[in-house]
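Asks: Questions regarding the structure given below will be posed in turn.
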There are 2 protein chains.
Amino acid sequence: MGLILRKNKIERPTNCPLTDVVDLLSKAWALAIIWNLSILPRRFGELRHDLPTISARVLSIRLHELEARGLVVRQPMQSPPPSSQYVLSALSQDFLPILNDLTKIGHRLTNMTPEYNEFS
Amino acid sequence: MGLILRKNKIERPTNCPLTDVVDLLSKAWALAIIWNLSILPRRFGELRHDLPTISARVLSIRLHELEARGLVVRQPMQSPPPSSQYVLSALSQDFLPILNDLTKIGHRLTNMTPEYNEFS
DNA sequence: CTGTATCCATGATGATACTG
DNA sequence: CAGTATCATCATGGATACAG
């Protein structure tokens with residue numbers, strides 16, 4: 001677990017594989033996107049439909065991130081009109097059971113302070 | 001996975017156990033704290049020493065959150081001077097192997113765009 | 001349809017100073 | 001030592017408009 005220097009001079013532990021995954025998954029809608037793709041490959045517009053309140057901007061960013069990290073594969077479909085389809089990678093398939101284990105832990109979390117932030 | 005209405009009118013999928021865990025772990029220093037406590041129970045100042053660049057404010061918030069969710073137990077030590085010690089809960093112990101699995105996935109993540117944010 | 005660019009509101013976090 | 005309050009800053013994400 002190394003230390004990197006961020007733009008705003010904040011040192012945080014990173015370059016840690018575990019932190020990497022968690023950071024990736026904690027971004028808005030990331031898990032929802034993975035969940036939807038695990039059911040069926042989807043196109044951009046279909047994901048927008050499945051996630052009614054997501055913005056196109058965030059969906060685009062998230063898909064790029066997940067693709068860059070190897071969790072999602074973008075399949076251009078040359079059939080006019082030009083379209084594309086997003087599919088879970090093999091890595092993501094190995095990943096789903098672990099998410100399932102994590103969910104079990106989630107069920108056991110207590111919830112004494114639902115929104116414990118900033119000494120609320 | 002339900003939908004809640006947040007203060008700023010943003011609807012996000014939440015009340016999802018998986019999202020809960022991931023959100024908890026993705027907060028700054030959360031994993032580092034858990035990691036350190038998994039080695040040995042620690043007091044506040046010892047954790048500050050282990051995590052040299054953490055601020056007391058964030059350490060305090062994180063410990064409260066982890067305690068409220070049942071991952072960390074705070075043990076007041078009545079021996080003067082008044083002190084306290086933080087220990088991982090039994091739930092956390094069940095949790096560690098899953099974190100280990102997640103780490104393996106992390107190792108397999110590609111890293112084509114290290115800082116893919118905001119169309120950088 | 002599939003994105004991308006700009007703008008802005010909010011939340012998270014570090015720095016610092018302070019309390020028992 | 002063990003926190004807590006206040007403040008400033010930066011990244012995230014939504015809304016909207018725009019492009020191929």
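Residues in the structure tokens are numbered from 1 in each chain, the chains being A, B, ... in the order shown, and ligands are numbered from 1 in the order shown.
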Going by DSSP on the backbone, which residues of stretch 12-120 of chain B come out as helix (DSSP H, G or I)? List them as a CSV table (one decimal) with all heavy atoms, in the first residue's frame.

Replies:
chain,number,residue,atom,x,y,z
B,17,PRO,N,-27.9,-3.3,0.6
B,17,PRO,CA,-26.8,-3.7,1.5
B,17,PRO,C,-25.4,-3.7,0.8
B,17,PRO,O,-24.5,-3.2,1.5
B,17,PRO,CB,-27.2,-5.2,1.8
B,17,PRO,CG,-28.6,-5.3,1.5
B,17,PRO,CD,-28.9,-4.3,0.4
B,18,LEU,N,-25.4,-4.0,-0.4
B,18,LEU,CA,-24.1,-4.0,-1.1
B,18,LEU,C,-23.5,-2.6,-1.2
B,18,LEU,O,-22.4,-2.3,-0.9
B,18,LEU,CB,-24.2,-4.7,-2.5
B,18,LEU,CG,-22.9,-4.7,-3.3
B,18,LEU,CD1,-21.8,-5.3,-2.6
B,18,LEU,CD2,-23.2,-5.5,-4.6
B,19,THR,N,-24.4,-1.7,-1.7
B,19,THR,CA,-24.0,-0.3,-1.8
B,19,THR,C,-23.6,0.3,-0.4
B,19,THR,O,-22.7,1.0,-0.3
B,19,THR,CB,-25.2,0.6,-2.3
B,19,THR,OG1,-25.6,0.0,-3.6
B,19,THR,CG2,-24.8,2.0,-2.5
B,20,ASP,N,-24.3,-0.2,0.6
B,20,ASP,CA,-24.0,0.3,2.0
B,20,ASP,C,-22.6,-0.1,2.4
B,20,ASP,O,-21.8,0.8,2.8
B,20,ASP,CB,-24.9,-0.4,3.0
B,20,ASP,CG,-26.3,0.4,3.1
B,20,ASP,OD1,-26.4,1.4,2.4
B,20,ASP,OD2,-27.1,-0.1,3.9
B,21,VAL,N,-22.2,-1.3,2.2
B,21,VAL,CA,-20.9,-1.8,2.5
B,21,VAL,C,-19.8,-1.0,1.7
B,21,VAL,O,-18.8,-0.5,2.3
B,21,VAL,CB,-20.6,-3.3,2.3
B,21,VAL,CG1,-19.5,-3.8,3.1
B,21,VAL,CG2,-21.9,-4.1,2.6
B,22,VAL,N,-20.0,-0.9,0.4
B,22,VAL,CA,-19.1,-0.3,-0.4
B,22,VAL,C,-18.9,1.2,-0.1
B,22,VAL,O,-17.8,1.7,0.0
B,22,VAL,CB,-19.4,-0.5,-1.9
B,22,VAL,CG1,-18.6,0.3,-2.8
B,22,VAL,CG2,-19.4,-2.0,-2.3
B,23,ASP,N,-20.0,1.8,0.2
B,23,ASP,CA,-19.9,3.2,0.6
B,23,ASP,C,-19.1,3.4,1.9
B,23,ASP,O,-18.3,4.3,2.0
B,23,ASP,CB,-21.3,3.8,0.8
B,23,ASP,CG,-22.0,4.2,-0.6
B,23,ASP,OD1,-21.3,4.1,-1.6
B,23,ASP,OD2,-23.1,4.5,-0.6
B,24,LEU,N,-19.4,2.5,2.8
B,24,LEU,CA,-18.7,2.6,4.1
B,24,LEU,C,-17.2,2.4,3.9
B,24,LEU,O,-16.4,3.2,4.4
B,24,LEU,CB,-19.2,1.5,5.0
B,24,LEU,CG,-18.7,1.5,6.4
B,24,LEU,CD1,-19.1,2.8,7.2
B,24,LEU,CD2,-19.3,0.3,7.2
B,25,LEU,N,-16.8,1.4,3.1
B,25,LEU,CA,-15.4,1.1,2.9
B,25,LEU,C,-14.7,2.1,2.0
B,25,LEU,O,-13.5,2.3,2.1
B,25,LEU,CB,-15.3,-0.3,2.3
B,25,LEU,CG,-15.8,-1.4,3.1
B,25,LEU,CD1,-15.5,-2.7,2.4
B,25,LEU,CD2,-15.2,-1.4,4.5
B,26,SER,N,-15.4,2.8,1.2
B,26,SER,CA,-14.8,3.7,0.3
B,26,SER,C,-14.4,5.1,0.9
B,26,SER,O,-13.7,5.9,0.3
B,26,SER,CB,-15.7,4.0,-1.0
B,26,SER,OG,-16.8,4.7,-0.6
B,30,ALA,N,-10.9,4.3,5.7
B,30,ALA,CA,-11.7,3.3,6.3
B,30,ALA,C,-10.9,1.9,6.2
B,30,ALA,O,-10.8,1.2,7.2
B,30,ALA,CB,-13.1,3.2,5.7
B,31,LEU,N,-10.5,1.6,5.0
B,31,LEU,CA,-9.8,0.3,4.8
B,31,LEU,C,-8.5,0.2,5.6
B,31,LEU,O,-8.2,-0.8,6.2
B,31,LEU,CB,-9.6,0.0,3.4
B,31,LEU,CG,-10.9,-0.4,2.6
B,31,LEU,CD1,-10.6,-0.4,1.1
B,31,LEU,CD2,-11.3,-1.8,3.1
B,32,ALA,N,-7.8,1.3,5.6
B,32,ALA,CA,-6.5,1.4,6.3
B,32,ALA,C,-6.7,1.2,7.8
B,32,ALA,O,-6.0,0.5,8.5
B,32,ALA,CB,-5.8,2.7,6.0
B,33,ILE,N,-7.8,1.8,8.3
B,33,ILE,CA,-8.1,1.6,9.7
B,33,ILE,C,-8.4,0.1,10.0
B,33,ILE,O,-7.9,-0.5,11.0
B,33,ILE,CB,-9.3,2.5,10.2
B,33,ILE,CG1,-8.9,4.0,10.1
B,33,ILE,CG2,-9.8,2.1,11.6
B,33,ILE,CD1,-10.0,4.9,10.2
B,34,ILE,N,-9.3,-0.5,9.2
B,34,ILE,CA,-9.6,-1.9,9.4
B,34,ILE,C,-8.4,-2.7,9.3
B,34,ILE,O,-8.2,-3.6,10.2
B,34,ILE,CB,-10.7,-2.3,8.4
B,34,ILE,CG1,-12.0,-1.6,8.7
B,34,ILE,CG2,-10.9,-3.8,8.4
B,34,ILE,CD1,-13.1,-1.9,7.6
B,35,TRP,N,-7.6,-2.5,8.3
B,35,TRP,CA,-6.4,-3.2,8.2
B,35,TRP,C,-5.5,-3.2,9.4
B,35,TRP,O,-5.0,-4.2,10.0
B,35,TRP,CB,-5.6,-2.7,7.0
B,35,TRP,CG,-4.2,-3.3,6.9
B,35,TRP,CD1,-3.0,-2.7,7.1
B,35,TRP,CD2,-3.9,-4.6,6.4
B,35,TRP,NE1,-2.0,-3.6,6.9
B,35,TRP,CE2,-2.5,-4.8,6.5
B,35,TRP,CE3,-4.7,-5.7,6.0
B,35,TRP,CZ2,-1.8,-6.0,6.1
B,35,TRP,CZ3,-4.0,-6.9,5.7
B,35,TRP,CH2,-2.6,-7.0,5.7
B,36,ASN,N,-5.3,-2.0,9.9
B,36,ASN,CA,-4.5,-1.8,11.1
B,36,ASN,C,-5.0,-2.5,12.3
B,36,ASN,O,-4.3,-3.2,13.1
B,36,ASN,CB,-4.2,-0.3,11.4
B,36,ASN,CG,-3.0,0.2,10.7
B,36,ASN,OD1,-1.9,0.1,11.1
B,36,ASN,ND2,-3.3,0.8,9.5
B,37,LEU,N,-6.4,-2.4,12.5
B,37,LEU,CA,-7.0,-3.0,13.7
B,37,LEU,C,-7.0,-4.6,13.5
B,37,LEU,O,-7.0,-5.3,14.5
B,37,LEU,CB,-8.4,-2.5,13.8
B,37,LEU,CG,-8.6,-1.1,14.2
B,37,LEU,CD1,-10.0,-0.7,14.4
B,37,LEU,CD2,-7.8,-0.8,15.5
B,38,SER,N,-6.9,-5.0,12.3
B,38,SER,CA,-6.9,-6.5,12.1
B,38,SER,C,-5.5,-7.1,12.6
B,38,SER,O,-5.5,-8.2,12.9
B,38,SER,CB,-7.1,-6.8,10.6
B,38,SER,OG,-5.9,-6.6,9.9
B,39,ILE,N,-4.5,-6.2,12.6
B,39,ILE,CA,-3.2,-6.7,13.2
B,39,ILE,C,-3.3,-6.7,14.7
B,39,ILE,O,-2.8,-7.7,15.3
B,39,ILE,CB,-2.1,-5.8,12.7
B,39,ILE,CG1,-2.2,-5.5,11.2
B,39,ILE,CG2,-0.7,-6.3,13.1
B,39,ILE,CD1,-1.7,-6.6,10.3
B,44,PHE,N,-6.6,5.5,19.9
B,44,PHE,CA,-6.7,6.6,19.0
B,44,PHE,C,-5.4,7.1,18.5
B,44,PHE,O,-5.1,7.2,17.3
B,44,PHE,CB,-7.6,7.8,19.6
B,44,PHE,CG,-8.0,8.8,18.7
B,44,PHE,CD1,-9.2,8.7,18.0
B,44,PHE,CD2,-7.2,9.9,18.5
B,44,PHE,CE1,-9.6,9.7,17.2
B,44,PHE,CE2,-7.6,10.9,17.6
B,44,PHE,CZ,-8.8,10.8,16.9
B,45,GLY,N,-4.6,7.4,19.5
B,45,GLY,CA,-3.2,8.0,19.2
B,45,GLY,C,-2.4,7.0,18.4
B,45,GLY,O,-1.6,7.4,17.6
B,46,GLU,N,-2.5,5.7,18.7
B,46,GLU,CA,-1.7,4.7,18.0
B,46,GLU,C,-2.1,4.7,16.5
B,46,GLU,O,-1.3,4.6,15.7
B,46,GLU,CB,-1.9,3.4,18.7
B,46,GLU,CG,-1.3,3.3,20.1
B,46,GLU,CD,-1.6,2.0,20.8
B,46,GLU,OE1,-2.7,1.5,20.6
B,46,GLU,OE2,-0.7,1.5,21.5
B,47,LEU,N,-3.4,4.8,16.3
B,47,LEU,CA,-3.9,4.8,14.9
B,47,LEU,C,-3.3,6.0,14.2
B,47,LEU,O,-2.9,6.0,13.0
B,47,LEU,CB,-5.4,4.8,14.8
B,47,LEU,CG,-6.0,3.4,15.1
B,47,LEU,CD1,-7.5,3.5,15.3
B,47,LEU,CD2,-5.7,2.4,14.0
B,48,ARG,N,-3.4,7.2,14.9
B,48,ARG,CA,-2.8,8.4,14.3
B,48,ARG,C,-1.3,8.2,13.9
B,48,ARG,O,-0.9,8.7,12.9
B,48,ARG,CB,-2.9,9.6,15.2
B,48,ARG,CG,-4.3,10.1,15.4
B,48,ARG,CD,-4.3,11.4,16.2
B,48,ARG,NE,-4.0,12.5,15.3
B,48,ARG,CZ,-4.0,13.8,15.7
B,48,ARG,NH1,-4.4,14.1,17.0
B,48,ARG,NH2,-3.7,14.8,14.9
B,49,HIS,N,-0.6,7.5,14.8
B,49,HIS,CA,0.8,7.2,14.5
B,49,HIS,C,0.9,6.3,13.3
B,49,HIS,O,1.8,6.5,12.4
B,49,HIS,CB,1.4,6.6,15.7
B,49,HIS,CG,2.9,6.3,15.5
B,49,HIS,ND1,3.4,5.1,15.3
B,49,HIS,CD2,4.0,7.1,15.6
B,49,HIS,CE1,4.7,5.1,15.1
B,49,HIS,NE2,5.1,6.3,15.3
B,50,ASP,N,0.1,5.2,13.2
B,50,ASP,CA,0.2,4.3,12.1
B,50,ASP,C,-0.2,4.9,10.8
B,50,ASP,O,0.4,4.6,9.7
B,50,ASP,CB,-0.8,3.1,12.4
B,50,ASP,CG,-0.4,2.3,13.6
B,50,ASP,OD1,0.8,2.3,13.9
B,50,ASP,OD2,-1.2,1.6,14.2
B,56,ALA,N,-7.1,14.1,12.8
B,56,ALA,CA,-7.8,13.6,13.9
B,56,ALA,C,-9.3,13.6,13.7
B,56,ALA,O,-10.0,12.8,14.1
B,56,ALA,CB,-7.5,14.4,15.2
B,57,ARG,N,-9.7,14.6,12.9
B,57,ARG,CA,-11.1,14.8,12.6
B,57,ARG,C,-11.7,13.6,11.8
B,57,ARG,O,-12.7,13.0,12.2
B,57,ARG,CB,-11.3,16.1,11.8
B,57,ARG,CG,-12.7,16.3,11.4
B,57,ARG,CD,-12.8,17.6,10.6
B,57,ARG,NE,-14.1,17.7,9.9
B,57,ARG,CZ,-14.3,17.1,8.7
B,57,ARG,NH1,-13.4,16.3,8.2
B,57,ARG,NH2,-15.5,17.2,8.2
B,58,VAL,N,-11.0,13.2,10.8
B,58,VAL,CA,-11.4,12.1,9.9
B,58,VAL,C,-11.3,10.8,10.7
B,58,VAL,O,-12.2,10.0,10.6
B,58,VAL,CB,-10.6,12.1,8.6
B,58,VAL,CG1,-11.0,10.8,7.9
B,58,VAL,CG2,-10.9,13.3,7.8
B,59,LEU,N,-10.2,10.6,11.5
B,59,LEU,CA,-10.1,9.4,12.2
B,59,LEU,C,-11.3,9.2,13.2
B,59,LEU,O,-11.9,8.2,13.3
B,59,LEU,CB,-8.8,9.4,13.0
B,59,LEU,CG,-8.6,8.2,13.9
B,59,LEU,CD1,-8.7,6.9,13.1
B,59,LEU,CD2,-7.2,8.2,14.6
B,60,SER,N,-11.7,10.3,13.8
B,60,SER,CA,-12.8,10.3,14.8
B,60,SER,C,-14.1,9.9,14.0
B,60,SER,O,-14.8,9.1,14.5
B,60,SER,CB,-12.9,11.7,15.4
B,60,SER,OG,-14.0,11.7,16.3
B,61,ILE,N,-14.3,10.6,12.9
B,61,ILE,CA,-15.6,10.3,12.2
B,61,ILE,C,-15.6,8.9,11.7
B,61,ILE,O,-16.6,8.2,11.9
B,61,ILE,CB,-15.7,11.3,10.9
B,61,ILE,CG1,-15.8,12.7,11.4
B,61,ILE,CG2,-16.8,10.9,10.1
B,61,ILE,CD1,-15.8,13.7,10.2
B,62,ARG,N,-14.5,8.4,11.1
B,62,ARG,CA,-14.4,7.0,10.6
B,62,ARG,C,-14.7,6.0,11.7
B,62,ARG,O,-15.4,5.1,11.5
B,62,ARG,CB,-13.1,6.8,10.0
B,62,ARG,CG,-12.8,6.6,8.6
B,62,ARG,CD,-13.8,6.6,7.5
B,62,ARG,NE,-14.8,7.7,7.5
B,62,ARG,CZ,-14.7,8.8,6.7
B,62,ARG,NH1,-13.7,9.0,5.9
B,62,ARG,NH2,-15.7,9.7,6.7
B,63,LEU,N,-14.0,6.2,12.9
B,63,LEU,CA,-14.2,5.3,14.0
B,63,LEU,C,-15.7,5.2,14.4
B,63,LEU,O,-16.2,4.2,14.7
B,63,LEU,CB,-13.3,5.6,15.1
B,63,LEU,CG,-11.8,5.3,14.9
B,63,LEU,CD1,-10.9,5.8,16.0
B,63,LEU,CD2,-11.6,3.8,14.7
B,64,HIS,N,-16.3,6.4,14.5
B,64,HIS,CA,-17.7,6.4,14.9
B,64,HIS,C,-18.6,5.7,13.9
B,64,HIS,O,-19.5,4.9,14.2
B,64,HIS,CB,-18.2,7.9,15.0
B,64,HIS,CG,-17.9,8.5,16.3
B,64,HIS,ND1,-18.5,8.1,17.5
B,64,HIS,CD2,-17.0,9.5,16.6
B,64,HIS,CE1,-18.0,8.9,18.5
B,64,HIS,NE2,-17.1,9.7,18.0
B,65,GLU,N,-18.3,5.9,12.6
B,65,GLU,CA,-19.1,5.2,11.5
B,65,GLU,C,-18.9,3.7,11.6
B,65,GLU,O,-19.9,2.9,11.6
B,65,GLU,CB,-18.6,5.7,10.2
B,65,GLU,CG,-19.0,7.1,9.8
B,65,GLU,CD,-18.4,7.5,8.5
B,65,GLU,OE1,-17.5,6.8,8.0
B,65,GLU,OE2,-18.7,8.6,8.0
B,66,LEU,N,-17.6,3.3,11.7
B,66,LEU,CA,-17.4,1.8,11.8
B,66,LEU,C,-18.0,1.2,13.0
B,66,LEU,O,-18.4,0.1,13.0
B,66,LEU,CB,-15.8,1.6,11.7
B,66,LEU,CG,-15.2,2.0,10.4
B,66,LEU,CD1,-13.7,1.9,10.5
B,66,LEU,CD2,-15.7,1.2,9.2
B,67,GLU,N,-18.0,2.0,14.1
B,67,GLU,CA,-18.6,1.5,15.3
B,67,GLU,C,-20.1,1.4,15.2
B,67,GLU,O,-20.7,0.4,15.5
B,67,GLU,CB,-18.2,2.4,16.5
B,67,GLU,CG,-18.7,1.8,17.8
B,67,GLU,CD,-18.5,2.9,19.0
B,67,GLU,OE1,-18.2,4.0,18.7
B,67,GLU,OE2,-18.7,2.5,20.1
B,68,ALA,N,-20.7,2.4,14.6
B,68,ALA,CA,-22.1,2.4,14.4
B,68,ALA,C,-22.6,1.3,13.5
B,68,ALA,O,-23.7,0.8,13.7
B,68,ALA,CB,-22.6,3.8,13.8
B,90,ALA,N,-16.6,-9.3,15.7
B,90,ALA,CA,-16.7,-10.6,15.1
B,90,ALA,C,-17.2,-10.5,13.6
B,90,ALA,O,-16.7,-11.2,12.7
B,90,ALA,CB,-17.7,-11.5,15.8
B,91,LEU,N,-18.1,-9.5,13.3
B,91,LEU,CA,-18.5,-9.3,12.0
B,91,LEU,C,-17.3,-9.0,11.1
B,91,LEU,O,-17.2,-9.5,9.9
B,91,LEU,CB,-19.6,-8.2,11.9
B,91,LEU,CG,-20.1,-7.8,10.6
B,91,LEU,CD1,-20.6,-8.9,9.7
B,91,LEU,CD2,-21.1,-6.7,10.7
B,92,SER,N,-16.5,-8.1,11.6
B,92,SER,CA,-15.3,-7.7,10.8
B,92,SER,C,-14.4,-9.0,10.5
B,92,SER,O,-13.8,-9.1,9.4
B,92,SER,CB,-14.5,-6.7,11.5
B,92,SER,OG,-14.9,-5.4,11.1
B,93,GLN,N,-14.3,-9.9,11.5
B,93,GLN,CA,-13.5,-11.0,11.2
B,93,GLN,C,-14.1,-11.9,10.1
B,93,GLN,O,-13.3,-12.4,9.2
B,93,GLN,CB,-13.5,-11.9,12.5
B,93,GLN,CG,-12.9,-11.1,13.7
B,93,GLN,CD,-11.4,-10.8,13.5
B,93,GLN,OE1,-10.7,-11.4,12.7
B,93,GLN,NE2,-10.9,-9.8,14.3
B,94,ASP,N,-15.4,-12.0,10.0
B,94,ASP,CA,-16.0,-12.7,8.9
B,94,ASP,C,-15.7,-12.0,7.6
B,94,ASP,O,-15.8,-12.5,6.5
B,94,ASP,CB,-17.5,-12.8,9.1
B,94,ASP,CG,-17.8,-13.8,10.2
B,94,ASP,OD1,-16.9,-14.4,10.8
B,94,ASP,OD2,-19.0,-13.8,10.6
B,95,PHE,N,-15.5,-10.7,7.7
B,95,PHE,CA,-15.4,-9.8,6.6
B,95,PHE,C,-14.0,-9.8,6.0
B,95,PHE,O,-13.9,-9.7,4.7
B,95,PHE,CB,-15.7,-8.4,7.2
B,95,PHE,CG,-15.8,-7.3,6.2
B,95,PHE,CD1,-16.4,-7.6,5.0
B,95,PHE,CD2,-15.4,-6.1,6.5
B,95,PHE,CE1,-16.6,-6.5,4.1
B,95,PHE,CE2,-15.5,-5.1,5.6
B,95,PHE,CZ,-16.1,-5.3,4.4
B,96,LEU,N,-13.0,-10.1,6.8
B,96,LEU,CA,-11.7,-10.0,6.2
B,96,LEU,C,-11.4,-10.9,5.1
B,96,LEU,O,-10.7,-10.5,4.1
B,96,LEU,CB,-10.6,-10.3,7.4
B,96,LEU,CG,-10.6,-9.2,8.5
B,96,LEU,CD1,-9.6,-9.5,9.6
B,96,LEU,CD2,-10.2,-7.8,7.8
B,97,PRO,N,-11.8,-12.2,5.1
B,97,PRO,CA,-11.6,-13.1,4.0
B,97,PRO,C,-12.2,-12.5,2.7
B,97,PRO,O,-11.6,-12.7,1.6
B,97,PRO,CB,-12.3,-14.4,4.3
B,97,PRO,CG,-12.5,-14.3,5.8
B,97,PRO,CD,-12.5,-12.9,6.2
B,98,ILE,N,-13.3,-11.9,2.8
B,98,ILE,CA,-14.0,-11.3,1.6
B,98,ILE,C,-13.1,-10.2,1.0
B,98,ILE,O,-13.0,-10.0,-0.2
B,98,ILE,CB,-15.4,-10.9,1.9
B,98,ILE,CG1,-16.2,-12.0,2.5
B,98,ILE,CG2,-16.1,-10.3,0.7
B,98,ILE,CD1,-17.6,-11.7,2.8
B,99,LEU,N,-12.6,-9.4,1.9
B,99,LEU,CA,-11.7,-8.3,1.5
B,99,LEU,C,-10.5,-8.9,0.8
B,99,LEU,O,-10.0,-8.3,-0.2
B,99,LEU,CB,-11.3,-7.5,2.7
B,99,LEU,CG,-12.4,-6.6,3.4
B,99,LEU,CD1,-11.8,-5.8,4.5
B,99,LEU,CD2,-13.1,-5.7,2.3
B,100,ASN,N,-10.1,-10.0,1.3
B,100,ASN,CA,-8.9,-10.7,0.6
B,100,ASN,C,-9.3,-11.1,-0.8
B,100,ASN,O,-8.5,-10.9,-1.7
B,100,ASN,CB,-8.5,-11.9,1.5
B,100,ASN,CG,-7.2,-12.4,1.1
B,100,ASN,OD1,-6.2,-11.6,0.9
B,100,ASN,ND2,-7.0,-13.7,1.0
B,101,ASP,N,-10.5,-11.7,-1.0
B,101,ASP,CA,-11.0,-12.0,-2.3
B,101,ASP,C,-11.0,-10.8,-3.2
B,101,ASP,O,-10.7,-10.8,-4.4
B,101,ASP,CB,-12.4,-12.7,-2.2
B,101,ASP,CG,-12.3,-14.0,-1.6
B,101,ASP,OD1,-11.2,-14.6,-1.5
B,101,ASP,OD2,-13.4,-14.5,-1.1
B,102,LEU,N,-11.6,-9.7,-2.6
B,102,LEU,CA,-11.7,-8.5,-3.4
B,102,LEU,C,-10.3,-8.0,-3.9
B,102,LEU,O,-10.1,-7.5,-5.0
B,102,LEU,CB,-12.3,-7.4,-2.6
B,102,LEU,CG,-13.8,-7.1,-2.8
B,102,LEU,CD1,-14.2,-5.9,-2.0
B,102,LEU,CD2,-14.1,-6.9,-4.3
B,103,THR,N,-9.3,-8.2,-3.0
B,103,THR,CA,-8.0,-7.8,-3.3
B,103,THR,C,-7.5,-8.5,-4.6
B,103,THR,O,-6.8,-7.9,-5.4
B,103,THR,CB,-7.0,-8.0,-2.2
B,103,THR,OG1,-7.5,-7.3,-1.0
B,103,THR,CG2,-5.6,-7.5,-2.5
B,104,LYS,N,-7.8,-9.8,-4.6
B,104,LYS,CA,-7.4,-10.6,-5.8
B,104,LYS,C,-8.0,-10.0,-7.1
B,104,LYS,O,-7.3,-9.9,-8.1
B,104,LYS,CB,-7.8,-12.0,-5.6
B,104,LYS,CG,-7.0,-12.8,-4.5
B,104,LYS,CD,-7.6,-14.2,-4.3
B,104,LYS,CE,-7.0,-14.8,-3.0
B,104,LYS,NZ,-7.8,-15.9,-2.5
B,105,ILE,N,-9.3,-9.6,-7.0
B,105,ILE,CA,-9.9,-9.0,-8.2
B,105,ILE,C,-9.1,-7.7,-8.5
B,105,ILE,O,-8.8,-7.4,-9.6
B,105,ILE,CB,-11.4,-8.7,-7.9
B,105,ILE,CG1,-12.2,-10.0,-7.7
B,105,ILE,CG2,-12.0,-7.8,-9.0
B,105,ILE,CD1,-12.3,-10.7,-9.0
B,106,GLY,N,-8.8,-6.9,-7.4
B,106,GLY,CA,-8.1,-5.7,-7.6
B,106,GLY,C,-6.8,-5.9,-8.4
B,106,GLY,O,-6.4,-5.1,-9.2
B,107,HIS,N,-6.1,-7.0,-8.1
B,107,HIS,CA,-4.9,-7.2,-8.8
B,107,HIS,C,-5.1,-7.4,-10.3
B,107,HIS,O,-4.2,-7.2,-11.1
B,107,HIS,CB,-4.2,-8.5,-8.2
B,107,HIS,CG,-3.4,-8.2,-7.0
B,107,HIS,ND1,-3.7,-8.7,-5.7
B,107,HIS,CD2,-2.3,-7.4,-6.8
B,107,HIS,CE1,-2.8,-8.3,-4.9
B,107,HIS,NE2,-1.9,-7.4,-5.5
B,108,ARG,N,-6.2,-7.9,-10.6
B,108,ARG,CA,-6.5,-8.2,-12.0
B,108,ARG,C,-7.1,-7.0,-12.8
B,108,ARG,O,-7.3,-7.1,-14.0
B,108,ARG,CB,-7.5,-9.4,-12.1
B,108,ARG,CG,-6.9,-10.7,-11.6
B,108,ARG,CD,-7.9,-11.8,-11.4
B,108,ARG,NE,-8.5,-12.1,-12.7
B,108,ARG,CZ,-9.6,-12.9,-12.8
B,108,ARG,NH1,-10.3,-13.3,-11.7
B,108,ARG,NH2,-10.1,-13.1,-14.0

Asks: Per residue of chain D within 9 Å of chain B, note the shortest atom pair and the distance in Å to one decimal, counting only C-alpha atoms (C1' of nucleotides), and order the rows by chain and increasing residue number, as a Markdown table.

Replies:
| residue | atom | partner | partner_atom | distance |
| --- | --- | --- | --- | --- |
| D:DC1 | C1' | B:Gly45 | CA | 7.3 |
| D:DA2 | C1' | B:Phe44 | CA | 6.8 |
| D:DG3 | C1' | B:Ser60 | CA | 7.1 |
| D:DT4 | C1' | B:Arg57 | CA | 7.6 |
| D:DG14 | C1' | B:Ile10 | CA | 7.5 |

Asks: Between atom CA of B:Lys27 and atom CA of A:Asn111, measure the distance and give it in Å to one decimal.

Replies: 16.5 Å

Asks: When you look at C:DC18 with a cut-off of 10 Å (counting only C-alpha atoms (C1' of nucleotides)), what residues show up, excluding the ones that are within fewer than 2 positions of it in the same chain? I need them as a ChimeraX atom specification.

Replies: /C:16 /D:4-6

Asks: I need the residues from that last selection saved to file as a short mmCIF file (atom, residue, chain, number, x, y, z; two decimals), in the first residue's frame (with N, CA, C and O atoms (P, O5', C5', C4', C3', O3' and C1' of nucleotides)), if you can.

Replies:
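Heads up, here's the output in part-v9.cif:
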data_model
loop_
_atom_site.label_atom_id
_atom_site.label_comp_id
_atom_site.auth_asym_id
_atom_site.auth_seq_id
_atom_site.Cartn_x
_atom_site.Cartn_y
_atom_site.Cartn_z
P DT C 16 -1.95 23.78 8.95
"O5'" DT C 16 -2.84 24.47 10.08
"C5'" DT C 16 -3.87 25.38 9.70
"C4'" DT C 16 -4.76 25.65 10.90
"C3'" DT C 16 -4.02 25.72 12.24
"O3'" DT C 16 -4.12 27.03 12.75
"C1'" DT C 16 -6.08 24.51 12.38
P DT D 4 -15.88 13.10 19.51
"O5'" DT D 4 -15.92 14.68 19.34
"C5'" DT D 4 -16.01 15.50 20.50
"C4'" DT D 4 -15.88 16.96 20.10
"C3'" DT D 4 -16.74 17.38 18.90
"O3'" DT D 4 -17.45 18.53 19.28
"C1'" DT D 4 -14.52 18.11 18.62
P DA D 5 -18.69 19.05 18.38
"O5'" DA D 5 -18.12 20.43 17.82
"C5'" DA D 5 -17.76 21.44 18.75
"C4'" DA D 5 -17.18 22.64 18.02
"C3'" DA D 5 -17.98 23.09 16.80
"O3'" DA D 5 -18.11 24.50 16.82
"C1'" DA D 5 -15.72 22.68 16.18
P DT D 6 -19.04 25.22 15.75
"O5'" DT D 6 -17.95 25.84 14.76
"C5'" DT D 6 -16.77 26.38 15.31
"C4'" DT D 6 -15.86 26.91 14.21
"C3'" DT D 6 -16.57 27.36 12.93
"O3'" DT D 6 -15.98 28.58 12.49
"C1'" DT D 6 -14.89 25.82 12.40
#

Asks: Between A:Thr53, A:Gln75, A:Ser89, A:Asn15, which has the minimum distance to chain B (counting only C-alpha atoms)?

Replies: A:Thr53

Asks: Please return, as a list in words, all residues of chain C lying within 10 Å of chain B when only C-alpha atoms (C1' of nucleotides) are considered.

Replies: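 Output check: DT4, DA5, DA9, DT10, DA12, DT13, DG14 and DA15 of chain C.
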
Asks: Interatomic distance between atom C1' of D:DA11 and atom C1' of C:DC7?

Replies: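 If I compute the distance from atom C1' of D:DA11 to atom C1' of C:DC7, I get 14.9 Å.
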